[in-house]
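In what follows, a single structure is set out as structure tokens and then discussed.
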Amino acid sequence: MKQTANKNRLTAVAIMMATAVTVLAQIPQGYYASLKGKKGAALKSAVHEIIKDAKVLDYGSGIGSTWDGFYDTDQLSDGQVVDRYSNDKRYFGNRGSVVGGMNIEHSFPKSWWGGTKNQAYMDLYNLMPCEQKINSSKSNYPMGEVTNASTDNGCTKVGTGTNGYKLWEPADKWKGDFARGYMYMATAYQHFSWSGTQALQLLQQGDYPTLKSWASELYIQWAKADKVSQMEIDRNEAVSKIQGNRNPFIDFPNLMEYIWGDSITKAFDPETTMKSTDYNNGGSGGEGGGDVPS
């Protein structure tokens with residue numbers, strides 16, 4: 001309950017800082033039209049085709065680089081940095097400048113695809129500002145449920161899971177955000193060749209399902225429990241303005257069910273399926289895809 005309250009307070013601040021453009025933002029007309037009627041693997045590949053190309057910023061600090069992007073995507077109205085990995089409070093300085101004590105953290109580390117500093121390495125949907133110590137502790141481990149923690153800063157746990165894997169686990173208030181981020185990465189970059197022990201604990205080669213079953217099941221569970229917030233919607237809009245692509249798992253909170261979950265045999269329709277704005281304003285996520293009644 002305390003974690004939910006904290007996220008609600010952050011969301012309230014984020015709403016106050018939202019510009020008129022963000023408040024009135026909507027999915028571009030026809031952006032997801034090609035998804036209509038698709039199911040399961042075909043749907044995932046259709047999503048991939050829409051989101052695979054992004055106009056990413058240069059990696060690092062300076063105008064036109066990652067920290068410049070964070071200034072727009074991860075800043076509260078009082079200048080505080082949104083850190084989803086720790087409860088520390090830090091504040092932005094000049095636009096494009098590195099915030100002291102923080103790193104750029106990759107949810108999907110570059111080692112998972114062989115170390116190339118490619119689009120995925122610079123994709124803002126894969127990047128977040130992060131306190132340095134926990135960034136180092138979580139290493140390049142996959143995200144999962146930690147049952148035996150060796151590190152716990154009150155927001156992020158690092159340790160082992162029941163499967164014996166080294167894992168990191170976000171706080172309850174951020175689990176849905178990270179789950180939808182992992183779903184995005186496993187779809188936008190489904191054509192990658194994954195390498196290394198850590199990557200192959202979470203991922204399998206090929207366009208579908210890409211996420212191993214233990215991971216997709218867990219992430220769907222987390223995404224249902226931690227629903228899309230206004231802060232997450234606003235960040236999706238801010239990143240979209242920079243990169244030109246979107247995270248469809250934020251736009252459509254039940255899309256995950258049609259790709260990995262209880263609705264893989266059902267045809268997806270972006271025109272009738274519940275959108276995040278509906279979901280965030282009291283709509284029921286529901287089982288079986290949660291389409292809006294006609």
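Residues in the structure tokens are named by chain (A, B, ... in the order shown) and by number from 1 within that chain; ligands are numbered from 1 in the order shown.
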- Item | Residue list (strand (DSSP E or B), DSSP) for stretch 24-203 of chain A, as a ChimeraX atom specification | /A:58,65,75,80-81,91,102-106,127-131,143,148-152,156-160,166-170,203
- Message: Need the shell around A:Thr147: protein/DNA/RNA residues with any atom at most 7 Å away, counting only C-alpha atoms. Skip same-chain ones fewer than 3 positions apart. Format as a list in words?
- Response: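 Near neighbours after the sequence-gap exclusion: Thr160, Gly161 and Thr162 of chain A.
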- Selected residue of minimal separation from A:Met183 among A:Ser61, A:Thr277, A:Asn126, A:Gln230, counting only C-alpha atoms: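 Ranked by minimum distance to A:Met183, first place goes to A:Asn126.
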Residues of stretch 90-262 of chain A in alpha helix (DSSP H) according to DSSP, as a PDB file with N, CA, C and O atoms, in the first residue's frame?
```
ATOM      1  N   GLN A 119      20.755   0.613 -32.258  1.00  0.00           N
ATOM      2  CA  GLN A 119      19.534   1.334 -31.902  1.00  0.00           C
ATOM      3  C   GLN A 119      19.009   0.929 -30.529  1.00  0.00           C
ATOM      4  O   GLN A 119      18.612   1.785 -29.728  1.00  0.00           O
ATOM      5  N   ALA A 120      18.997  -0.361 -30.244  1.00  0.00           N
ATOM      6  CA  ALA A 120      18.494  -0.844 -28.957  1.00  0.00           C
ATOM      7  C   ALA A 120      19.286  -0.249 -27.792  1.00  0.00           C
ATOM      8  O   ALA A 120      18.736   0.028 -26.727  1.00  0.00           O
ATOM      9  N   TYR A 121      20.572  -0.060 -27.993  1.00  0.00           N
ATOM     10  CA  TYR A 121      21.449   0.501 -26.966  1.00  0.00           C
ATOM     11  C   TYR A 121      21.084   1.945 -26.644  1.00  0.00           C
ATOM     12  O   TYR A 121      21.328   2.423 -25.534  1.00  0.00           O
ATOM     13  N   MET A 122      20.477   2.642 -27.601  1.00  0.00           N
ATOM     14  CA  MET A 122      20.150   4.058 -27.433  1.00  0.00           C
ATOM     15  C   MET A 122      18.652   4.334 -27.335  1.00  0.00           C
ATOM     16  O   MET A 122      18.238   5.480 -27.231  1.00  0.00           O
ATOM     17  N   GLN A 132      23.662   5.038  -9.115  1.00  0.00           N
ATOM     18  CA  GLN A 132      24.834   4.282  -9.567  1.00  0.00           C
ATOM     19  C   GLN A 132      25.045   2.951  -8.845  1.00  0.00           C
ATOM     20  O   GLN A 132      25.379   1.944  -9.472  1.00  0.00           O
ATOM     21  N   LYS A 133      24.877   2.915  -7.535  1.00  0.00           N
ATOM     22  CA  LYS A 133      25.203   1.704  -6.792  1.00  0.00           C
ATOM     23  C   LYS A 133      24.282   0.545  -7.163  1.00  0.00           C
ATOM     24  O   LYS A 133      24.738  -0.582  -7.373  1.00  0.00           O
ATOM     25  N   ILE A 134      22.984   0.805  -7.235  1.00  0.00           N
ATOM     26  CA  ILE A 134      22.070  -0.277  -7.576  1.00  0.00           C
ATOM     27  C   ILE A 134      22.231  -0.662  -9.042  1.00  0.00           C
ATOM     28  O   ILE A 134      22.045  -1.825  -9.421  1.00  0.00           O
ATOM     29  N   ASN A 135      22.622   0.301  -9.861  1.00  0.00           N
ATOM     30  CA  ASN A 135      22.905   0.008 -11.268  1.00  0.00           C
ATOM     31  C   ASN A 135      24.017  -1.032 -11.371  1.00  0.00           C
ATOM     32  O   ASN A 135      23.931  -2.006 -12.131  1.00  0.00           O
ATOM     33  N   SER A 136      25.062  -0.845 -10.581  1.00  0.00           N
ATOM     34  CA  SER A 136      26.181  -1.782 -10.581  1.00  0.00           C
ATOM     35  C   SER A 136      25.759  -3.140 -10.030  1.00  0.00           C
ATOM     36  O   SER A 136      26.132  -4.189 -10.570  1.00  0.00           O
ATOM     37  N   SER A 137      24.948  -3.134  -8.981  1.00  0.00           N
ATOM     38  CA  SER A 137      24.541  -4.381  -8.328  1.00  0.00           C
ATOM     39  C   SER A 137      23.667  -5.253  -9.230  1.00  0.00           C
ATOM     40  O   SER A 137      23.787  -6.483  -9.222  1.00  0.00           O
ATOM     41  N   LYS A 138      22.799  -4.629 -10.003  1.00  0.00           N
ATOM     42  CA  LYS A 138      21.882  -5.419 -10.831  1.00  0.00           C
ATOM     43  C   LYS A 138      22.554  -5.971 -12.075  1.00  0.00           C
ATOM     44  O   LYS A 138      21.998  -6.845 -12.751  1.00  0.00           O
ATOM     45  N   ASP A 172       7.050  -2.866  -6.277  1.00  0.00           N
ATOM     46  CA  ASP A 172       5.697  -3.108  -6.788  1.00  0.00           C
ATOM     47  C   ASP A 172       5.178  -1.926  -7.602  1.00  0.00           C
ATOM     48  O   ASP A 172       4.494  -2.109  -8.609  1.00  0.00           O
ATOM     49  N   LYS A 173       5.520  -0.714  -7.170  1.00  0.00           N
ATOM     50  CA  LYS A 173       4.995   0.483  -7.836  1.00  0.00           C
ATOM     51  C   LYS A 173       5.528   0.670  -9.245  1.00  0.00           C
ATOM     52  O   LYS A 173       4.986   1.465 -10.014  1.00  0.00           O
ATOM     53  N   TRP A 174       6.606  -0.041  -9.608  1.00  0.00           N
ATOM     54  CA  TRP A 174       7.207   0.082 -10.936  1.00  0.00           C
ATOM     55  C   TRP A 174       7.136  -1.210 -11.747  1.00  0.00           C
ATOM     56  O   TRP A 174       7.601  -1.237 -12.894  1.00  0.00           O
ATOM     57  N   LYS A 175       6.581  -2.267 -11.186  1.00  0.00           N
ATOM     58  CA  LYS A 175       6.629  -3.567 -11.869  1.00  0.00           C
ATOM     59  C   LYS A 175       5.914  -3.557 -13.216  1.00  0.00           C
ATOM     60  O   LYS A 175       6.396  -4.141 -14.192  1.00  0.00           O
ATOM     61  N   GLY A 176       4.763  -2.912 -13.275  1.00  0.00           N
ATOM     62  CA  GLY A 176       4.042  -2.848 -14.538  1.00  0.00           C
ATOM     63  C   GLY A 176       4.800  -2.066 -15.586  1.00  0.00           C
ATOM     64  O   GLY A 176       4.848  -2.460 -16.759  1.00  0.00           O
ATOM     65  N   ASP A 177       5.423  -0.960 -15.166  1.00  0.00           N
ATOM     66  CA  ASP A 177       6.203  -0.130 -16.091  1.00  0.00           C
ATOM     67  C   ASP A 177       7.322  -0.944 -16.734  1.00  0.00           C
ATOM     68  O   ASP A 177       7.513  -0.927 -17.956  1.00  0.00           O
ATOM     69  N   PHE A 178       8.079  -1.657 -15.889  1.00  0.00           N
ATOM     70  CA  PHE A 178       9.195  -2.438 -16.415  1.00  0.00           C
ATOM     71  C   PHE A 178       8.712  -3.642 -17.222  1.00  0.00           C
ATOM     72  O   PHE A 178       9.338  -4.014 -18.222  1.00  0.00           O
ATOM     73  N   ALA A 179       7.610  -4.253 -16.807  1.00  0.00           N
ATOM     74  CA  ALA A 179       7.069  -5.387 -17.560  1.00  0.00           C
ATOM     75  C   ALA A 179       6.702  -4.960 -18.977  1.00  0.00           C
ATOM     76  O   ALA A 179       7.033  -5.638 -19.953  1.00  0.00           O
ATOM     77  N   ARG A 180       6.022  -3.818 -19.093  1.00  0.00           N
ATOM     78  CA  ARG A 180       5.646  -3.330 -20.424  1.00  0.00           C
ATOM     79  C   ARG A 180       6.874  -2.909 -21.226  1.00  0.00           C
ATOM     80  O   ARG A 180       6.895  -3.023 -22.454  1.00  0.00           O
ATOM     81  N   GLY A 181       7.919  -2.448 -20.541  1.00  0.00           N
ATOM     82  CA  GLY A 181       9.172  -2.125 -21.214  1.00  0.00           C
ATOM     83  C   GLY A 181       9.858  -3.365 -21.757  1.00  0.00           C
ATOM     84  O   GLY A 181      10.391  -3.358 -22.879  1.00  0.00           O
ATOM     85  N   TYR A 182       9.855  -4.453 -20.986  1.00  0.00           N
ATOM     86  CA  TYR A 182      10.449  -5.709 -21.449  1.00  0.00           C
ATOM     87  C   TYR A 182       9.664  -6.277 -22.631  1.00  0.00           C
ATOM     88  O   TYR A 182      10.241  -6.832 -23.573  1.00  0.00           O
ATOM     89  N   MET A 183       8.340  -6.152 -22.591  1.00  0.00           N
ATOM     90  CA  MET A 183       7.517  -6.626 -23.703  1.00  0.00           C
ATOM     91  C   MET A 183       7.837  -5.837 -24.976  1.00  0.00           C
ATOM     92  O   MET A 183       7.927  -6.414 -26.069  1.00  0.00           O
ATOM     93  N   TYR A 184       8.015  -4.533 -24.816  1.00  0.00           N
ATOM     94  CA  TYR A 184       8.403  -3.698 -25.960  1.00  0.00           C
ATOM     95  C   TYR A 184       9.725  -4.169 -26.548  1.00  0.00           C
ATOM     96  O   TYR A 184       9.854  -4.361 -27.766  1.00  0.00           O
ATOM     97  N   MET A 185      10.728  -4.365 -25.711  1.00  0.00           N
ATOM     98  CA  MET A 185      12.052  -4.748 -26.195  1.00  0.00           C
ATOM     99  C   MET A 185      12.032  -6.123 -26.860  1.00  0.00           C
ATOM    100  O   MET A 185      12.697  -6.340 -27.884  1.00  0.00           O
ATOM    101  N   ALA A 186      11.264  -7.055 -26.302  1.00  0.00           N
ATOM    102  CA  ALA A 186      11.187  -8.402 -26.868  1.00  0.00           C
ATOM    103  C   ALA A 186      10.426  -8.421 -28.188  1.00  0.00           C
ATOM    104  O   ALA A 186      10.481  -9.413 -28.923  1.00  0.00           O
ATOM    105  N   THR A 187       9.741  -7.319 -28.501  1.00  0.00           N
ATOM    106  CA  THR A 187       8.987  -7.216 -29.750  1.00  0.00           C
ATOM    107  C   THR A 187       9.717  -6.342 -30.760  1.00  0.00           C
ATOM    108  O   THR A 187       9.909  -6.730 -31.915  1.00  0.00           O
ATOM    109  N   ALA A 188      10.167  -5.178 -30.336  1.00  0.00           N
ATOM    110  CA  ALA A 188      10.877  -4.275 -31.250  1.00  0.00           C
ATOM    111  C   ALA A 188      12.155  -4.910 -31.773  1.00  0.00           C
ATOM    112  O   ALA A 188      12.555  -4.682 -32.920  1.00  0.00           O
ATOM    113  N   THR A 197      24.612 -16.151 -21.013  1.00  0.00           N
ATOM    114  CA  THR A 197      23.799 -16.893 -20.050  1.00  0.00           C
ATOM    115  C   THR A 197      22.590 -16.113 -19.588  1.00  0.00           C
ATOM    116  O   THR A 197      21.469 -16.635 -19.540  1.00  0.00           O
ATOM    117  N   GLN A 198      22.787 -14.840 -19.233  1.00  0.00           N
ATOM    118  CA  GLN A 198      21.704 -14.055 -18.675  1.00  0.00           C
ATOM    119  C   GLN A 198      20.584 -13.834 -19.689  1.00  0.00           C
ATOM    120  O   GLN A 198      19.399 -13.962 -19.375  1.00  0.00           O
ATOM    121  N   ALA A 199      20.941 -13.497 -20.912  1.00  0.00           N
ATOM    122  CA  ALA A 199      19.930 -13.275 -21.952  1.00  0.00           C
ATOM    123  C   ALA A 199      19.126 -14.539 -22.207  1.00  0.00           C
ATOM    124  O   ALA A 199      17.888 -14.491 -22.325  1.00  0.00           O
ATOM    125  N   LEU A 200      19.796 -15.672 -22.276  1.00  0.00           N
ATOM    126  CA  LEU A 200      19.134 -16.912 -22.654  1.00  0.00           C
ATOM    127  C   LEU A 200      18.358 -17.542 -21.498  1.00  0.00           C
ATOM    128  O   LEU A 200      17.636 -18.522 -21.684  1.00  0.00           O
ATOM    129  N   GLN A 201      18.495 -16.981 -20.305  1.00  0.00           N
ATOM    130  CA  GLN A 201      17.610 -17.379 -19.212  1.00  0.00           C
ATOM    131  C   GLN A 201      16.220 -16.771 -19.405  1.00  0.00           C
ATOM    132  O   GLN A 201      15.215 -17.345 -18.993  1.00  0.00           O
ATOM    133  N   LEU A 202      16.189 -15.626 -20.045  1.00  0.00           N
ATOM    134  CA  LEU A 202      14.945 -14.859 -20.222  1.00  0.00           C
ATOM    135  C   LEU A 202      14.358 -15.006 -21.621  1.00  0.00           C
ATOM    136  O   LEU A 202      13.136 -15.041 -21.789  1.00  0.00           O
ATOM    137  N   SER A 213       8.418 -18.621 -21.354  1.00  0.00           N
ATOM    138  CA  SER A 213       7.088 -18.661 -20.735  1.00  0.00           C
ATOM    139  C   SER A 213       7.088 -18.182 -19.288  1.00  0.00           C
ATOM    140  O   SER A 213       6.164 -17.493 -18.856  1.00  0.00           O
ATOM    141  N   TRP A 214       8.144 -18.503 -18.522  1.00  0.00           N
ATOM    142  CA  TRP A 214       8.165 -18.055 -17.122  1.00  0.00           C
ATOM    143  C   TRP A 214       8.156 -16.533 -17.045  1.00  0.00           C
ATOM    144  O   TRP A 214       7.529 -15.946 -16.146  1.00  0.00           O
ATOM    145  N   ALA A 215       8.838 -15.900 -18.015  1.00  0.00           N
ATOM    146  CA  ALA A 215       8.940 -14.445 -18.020  1.00  0.00           C
ATOM    147  C   ALA A 215       7.642 -13.790 -18.475  1.00  0.00           C
ATOM    148  O   ALA A 215       7.146 -12.859 -17.829  1.00  0.00           O
ATOM    149  N   SER A 216       7.077 -14.248 -19.586  1.00  0.00           N
ATOM    150  CA  SER A 216       5.843 -13.629 -20.071  1.00  0.00           C
ATOM    151  C   SER A 216       4.707 -13.795 -19.070  1.00  0.00           C
ATOM    152  O   SER A 216       3.914 -12.870 -18.853  1.00  0.00           O
ATOM    153  N   GLU A 217       4.648 -14.952 -18.428  1.00  0.00           N
ATOM    154  CA  GLU A 217       3.600 -15.175 -17.419  1.00  0.00           C
ATOM    155  C   GLU A 217       3.764 -14.226 -16.236  1.00  0.00           C
ATOM    156  O   GLU A 217       2.789 -13.646 -15.741  1.00  0.00           O
ATOM    157  N   LEU A 218       4.998 -14.073 -15.768  1.00  0.00           N
ATOM    158  CA  LEU A 218       5.262 -13.187 -14.640  1.00  0.00           C
ATOM    159  C   LEU A 218       4.993 -11.733 -15.006  1.00  0.00           C
ATOM    160  O   LEU A 218       4.368 -10.983 -14.235  1.00  0.00           O
ATOM    161  N   TYR A 219       5.435 -11.313 -16.174  1.00  0.00           N
ATOM    162  CA  TYR A 219       5.277  -9.914 -16.569  1.00  0.00           C
ATOM    163  C   TYR A 219       3.808  -9.553 -16.800  1.00  0.00           C
ATOM    164  O   TYR A 219       3.387  -8.430 -16.490  1.00  0.00           O
ATOM    165  N   ILE A 220       3.038 -10.479 -17.328  1.00  0.00           N
ATOM    166  CA  ILE A 220       1.598 -10.239 -17.466  1.00  0.00           C
ATOM    167  C   ILE A 220       0.974 -10.061 -16.083  1.00  0.00           C
ATOM    168  O   ILE A 220       0.159  -9.168 -15.859  1.00  0.00           O
ATOM    169  N   GLN A 221       1.376 -10.911 -15.155  1.00  0.00           N
ATOM    170  CA  GLN A 221       0.888 -10.802 -13.774  1.00  0.00           C
ATOM    171  C   GLN A 221       1.238  -9.440 -13.183  1.00  0.00           C
ATOM    172  O   GLN A 221       0.385  -8.764 -12.588  1.00  0.00           O
ATOM    173  N   TRP A 222       2.472  -9.000 -13.353  1.00  0.00           N
ATOM    174  CA  TRP A 222       2.901  -7.709 -12.826  1.00  0.00           C
ATOM    175  C   TRP A 222       2.169  -6.554 -13.507  1.00  0.00           C
ATOM    176  O   TRP A 222       1.776  -5.588 -12.845  1.00  0.00           O
ATOM    177  N   ALA A 223       1.995  -6.657 -14.817  1.00  0.00           N
ATOM    178  CA  ALA A 223       1.344  -5.574 -15.555  1.00  0.00           C
ATOM    179  C   ALA A 223      -0.129  -5.430 -15.166  1.00  0.00           C
ATOM    180  O   ALA A 223      -0.675  -4.328 -15.172  1.00  0.00           O
ATOM    181  N   LYS A 224      -0.766  -6.536 -14.825  1.00  0.00           N
ATOM    182  CA  LYS A 224      -2.161  -6.474 -14.367  1.00  0.00           C
ATOM    183  C   LYS A 224      -2.255  -5.835 -12.982  1.00  0.00           C
ATOM    184  O   LYS A 224      -3.175  -5.068 -12.699  1.00  0.00           O
ATOM    185  N   ALA A 225      -1.291  -6.163 -12.123  1.00  0.00           N
ATOM    186  CA  ALA A 225      -1.318  -5.649 -10.754  1.00  0.00           C
ATOM    187  C   ALA A 225      -0.943  -4.170 -10.690  1.00  0.00           C
ATOM    188  O   ALA A 225      -1.501  -3.409  -9.888  1.00  0.00           O
ATOM    189  N   GLN A 230      -0.834   7.588 -15.337  1.00  0.00           N
ATOM    190  CA  GLN A 230      -0.706   8.799 -16.154  1.00  0.00           C
ATOM    191  C   GLN A 230       0.764   9.128 -16.412  1.00  0.00           C
ATOM    192  O   GLN A 230       1.135   9.589 -17.494  1.00  0.00           O
ATOM    193  N   MET A 231       1.613   8.865 -15.427  1.00  0.00           N
ATOM    194  CA  MET A 231       3.042   9.098 -15.614  1.00  0.00           C
ATOM    195  C   MET A 231       3.591   8.258 -16.757  1.00  0.00           C
ATOM    196  O   MET A 231       4.387   8.727 -17.577  1.00  0.00           O
ATOM    197  N   GLU A 232       3.150   7.007 -16.825  1.00  0.00           N
ATOM    198  CA  GLU A 232       3.619   6.114 -17.879  1.00  0.00           C
ATOM    199  C   GLU A 232       3.093   6.562 -19.248  1.00  0.00           C
ATOM    200  O   GLU A 232       3.811   6.508 -20.253  1.00  0.00           O
ATOM    201  N   ILE A 233       1.843   6.989 -19.288  1.00  0.00           N
ATOM    202  CA  ILE A 233       1.267   7.517 -20.530  1.00  0.00           C
ATOM    203  C   ILE A 233       2.051   8.736 -20.992  1.00  0.00           C
ATOM    204  O   ILE A 233       2.396   8.872 -22.172  1.00  0.00           O
ATOM    205  N   ASP A 234       2.353   9.629 -20.058  1.00  0.00           N
ATOM    206  CA  ASP A 234       3.089  10.854 -20.402  1.00  0.00           C
ATOM    207  C   ASP A 234       4.488  10.533 -20.916  1.00  0.00           C
ATOM    208  O   ASP A 234       4.975  11.166 -21.856  1.00  0.00           O
ATOM    209  N   ARG A 235       5.154   9.550 -20.292  1.00  0.00           N
ATOM    210  CA  ARG A 235       6.489   9.199 -20.767  1.00  0.00           C
ATOM    211  C   ARG A 235       6.436   8.585 -22.172  1.00  0.00           C
ATOM    212  O   ARG A 235       7.286   8.865 -23.014  1.00  0.00           O
ATOM    213  N   ASN A 236       5.430   7.770 -22.416  1.00  0.00           N
ATOM    214  CA  ASN A 236       5.254   7.189 -23.746  1.00  0.00           C
ATOM    215  C   ASN A 236       5.113   8.298 -24.798  1.00  0.00           C
ATOM    216  O   ASN A 236       5.723   8.239 -25.874  1.00  0.00           O
ATOM    217  N   GLU A 237       4.332   9.320 -24.463  1.00  0.00           N
ATOM    218  CA  GLU A 237       4.151  10.441 -25.384  1.00  0.00           C
ATOM    219  C   GLU A 237       5.455  11.208 -25.596  1.00  0.00           C
ATOM    220  O   GLU A 237       5.803  11.582 -26.715  1.00  0.00           O
ATOM    221  N   ALA A 238       6.177  11.435 -24.496  1.00  0.00           N
ATOM    222  CA  ALA A 238       7.424  12.205 -24.584  1.00  0.00           C
ATOM    223  C   ALA A 238       8.474  11.465 -25.413  1.00  0.00           C
ATOM    224  O   ALA A 238       9.167  12.068 -26.239  1.00  0.00           O
ATOM    225  N   VAL A 239       8.602  10.161 -25.197  1.00  0.00           N
ATOM    226  CA  VAL A 239       9.562   9.382 -25.982  1.00  0.00           C
ATOM    227  C   VAL A 239       9.130   9.325 -27.441  1.00  0.00           C
ATOM    228  O   VAL A 239       9.955   9.435 -28.360  1.00  0.00           O
ATOM    229  N   SER A 240       7.829   9.176 -27.659  1.00  0.00           N
ATOM    230  CA  SER A 240       7.317   9.117 -29.025  1.00  0.00           C
ATOM    231  C   SER A 240       7.630  10.380 -29.813  1.00  0.00           C
ATOM    232  O   SER A 240       7.960  10.322 -31.004  1.00  0.00           O
ATOM    233  N   LYS A 241       7.558  11.517 -29.150  1.00  0.00           N
ATOM    234  CA  LYS A 241       7.883  12.783 -29.828  1.00  0.00           C
ATOM    235  C   LYS A 241       9.341  12.833 -30.249  1.00  0.00           C
ATOM    236  O   LYS A 241       9.689  13.450 -31.254  1.00  0.00           O
ATOM    237  N   ILE A 242      10.200  12.180 -29.481  1.00  0.00           N
ATOM    238  CA  ILE A 242      11.633  12.163 -29.785  1.00  0.00           C
ATOM    239  C   ILE A 242      11.956  11.117 -30.845  1.00  0.00           C
ATOM    240  O   ILE A 242      12.659  11.402 -31.813  1.00  0.00           O
ATOM    241  N   GLN A 243      11.428   9.907 -30.684  1.00  0.00           N
ATOM    242  CA  GLN A 243      11.852   8.770 -31.494  1.00  0.00           C
ATOM    243  C   GLN A 243      10.936   8.449 -32.667  1.00  0.00           C
ATOM    244  O   GLN A 243      11.328   7.747 -33.601  1.00  0.00           O
ATOM    245  N   PRO A 248       3.474   0.054 -27.669  1.00  0.00           N
ATOM    246  CA  PRO A 248       2.073  -0.340 -27.804  1.00  0.00           C
ATOM    247  C   PRO A 248       1.513  -1.040 -26.579  1.00  0.00           C
ATOM    248  O   PRO A 248       0.288  -1.100 -26.403  1.00  0.00           O
ATOM    249  N   PHE A 249       2.386  -1.567 -25.713  1.00  0.00           N
ATOM    250  CA  PHE A 249       1.918  -2.245 -24.510  1.00  0.00           C
ATOM    251  C   PHE A 249       1.469  -1.239 -23.446  1.00  0.00           C
ATOM    252  O   PHE A 249       0.798  -1.614 -22.484  1.00  0.00           O
ATOM    253  N   ILE A 250       1.827   0.024 -23.654  1.00  0.00           N
ATOM    254  CA  ILE A 250       1.273   1.109 -22.838  1.00  0.00           C
ATOM    255  C   ILE A 250      -0.012   1.610 -23.478  1.00  0.00           C
ATOM    256  O   ILE A 250      -1.011   1.823 -22.800  1.00  0.00           O
ATOM    257  N   ASP A 251      -0.008   1.792 -24.780  1.00  0.00           N
ATOM    258  CA  ASP A 251      -1.204   2.256 -25.482  1.00  0.00           C
ATOM    259  C   ASP A 251      -2.372   1.298 -25.308  1.00  0.00           C
ATOM    260  O   ASP A 251      -3.511   1.719 -25.121  1.00  0.00           O
ATOM    261  N   LEU A 255      -2.898  -5.760 -24.867  1.00  0.00           N
ATOM    262  CA  LEU A 255      -2.223  -6.321 -26.034  1.00  0.00           C
ATOM    263  C   LEU A 255      -1.391  -7.542 -25.645  1.00  0.00           C
ATOM    264  O   LEU A 255      -1.296  -8.514 -26.399  1.00  0.00           O
ATOM    265  N   MET A 256      -0.789  -7.502 -24.474  1.00  0.00           N
ATOM    266  CA  MET A 256       0.038  -8.612 -23.996  1.00  0.00           C
ATOM    267  C   MET A 256      -0.741  -9.927 -23.971  1.00  0.00           C
ATOM    268  O   MET A 256      -0.173 -11.005 -24.217  1.00  0.00           O
ATOM    269  N   GLU A 257      -2.040  -9.861 -23.654  1.00  0.00           N
ATOM    270  CA  GLU A 257      -2.858 -11.068 -23.589  1.00  0.00           C
ATOM    271  C   GLU A 257      -3.036 -11.700 -24.971  1.00  0.00           C
ATOM    272  O   GLU A 257      -3.097 -12.917 -25.107  1.00  0.00           O
ATOM    273  N   TYR A 258      -3.111 -10.861 -26.001  1.00  0.00           N
ATOM    274  CA  TYR A 258      -3.292 -11.346 -27.366  1.00  0.00           C
ATOM    275  C   TYR A 258      -2.004 -11.942 -27.942  1.00  0.00           C
ATOM    276  O   TYR A 258      -2.050 -12.693 -28.904  1.00  0.00           O
ATOM    277  N   ILE A 259      -0.876 -11.580 -27.359  1.00  0.00           N
ATOM    278  CA  ILE A 259       0.415 -12.073 -27.857  1.00  0.00           C
ATOM    279  C   ILE A 259       0.938 -13.246 -27.036  1.00  0.00           C
ATOM    280  O   ILE A 259       1.416 -14.240 -27.595  1.00  0.00           O
TER     281      ILE A 259
END
```
- Using only C-alpha atoms: which of A:Gly244, A:Pro129, A:Gly37, A:Gly206 has the shortest distance to A:Gln80: A:Pro129
- Best match for closeness to A:Val99 among A:Pro170, A:Gly196, A:Gly79, A:Gly115, counting only C-alpha atoms: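 Comparing A:Pro170, A:Gly196, A:Gly79, A:Gly115 against A:Val99, the winner is A:Gly79.
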- Query: From the list A:Phe252, A:Ala54, A:Asn245, A:Phe192, which residue is nearest A:Gln204 when using only C-alpha atoms?
  - Reply: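 Among A:Phe252, A:Ala54, A:Asn245, A:Phe192, it is A:Phe192 that comes nearest to A:Gln204.
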- Item | Among the residues A:Tyr85, A:Tyr208, A:Pro109, A:Leu203, the one that comes closest to A:Thr156 [using only C-alpha atoms] |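 Ranked by minimum distance to A:Thr156, first place goes to A:Tyr85.
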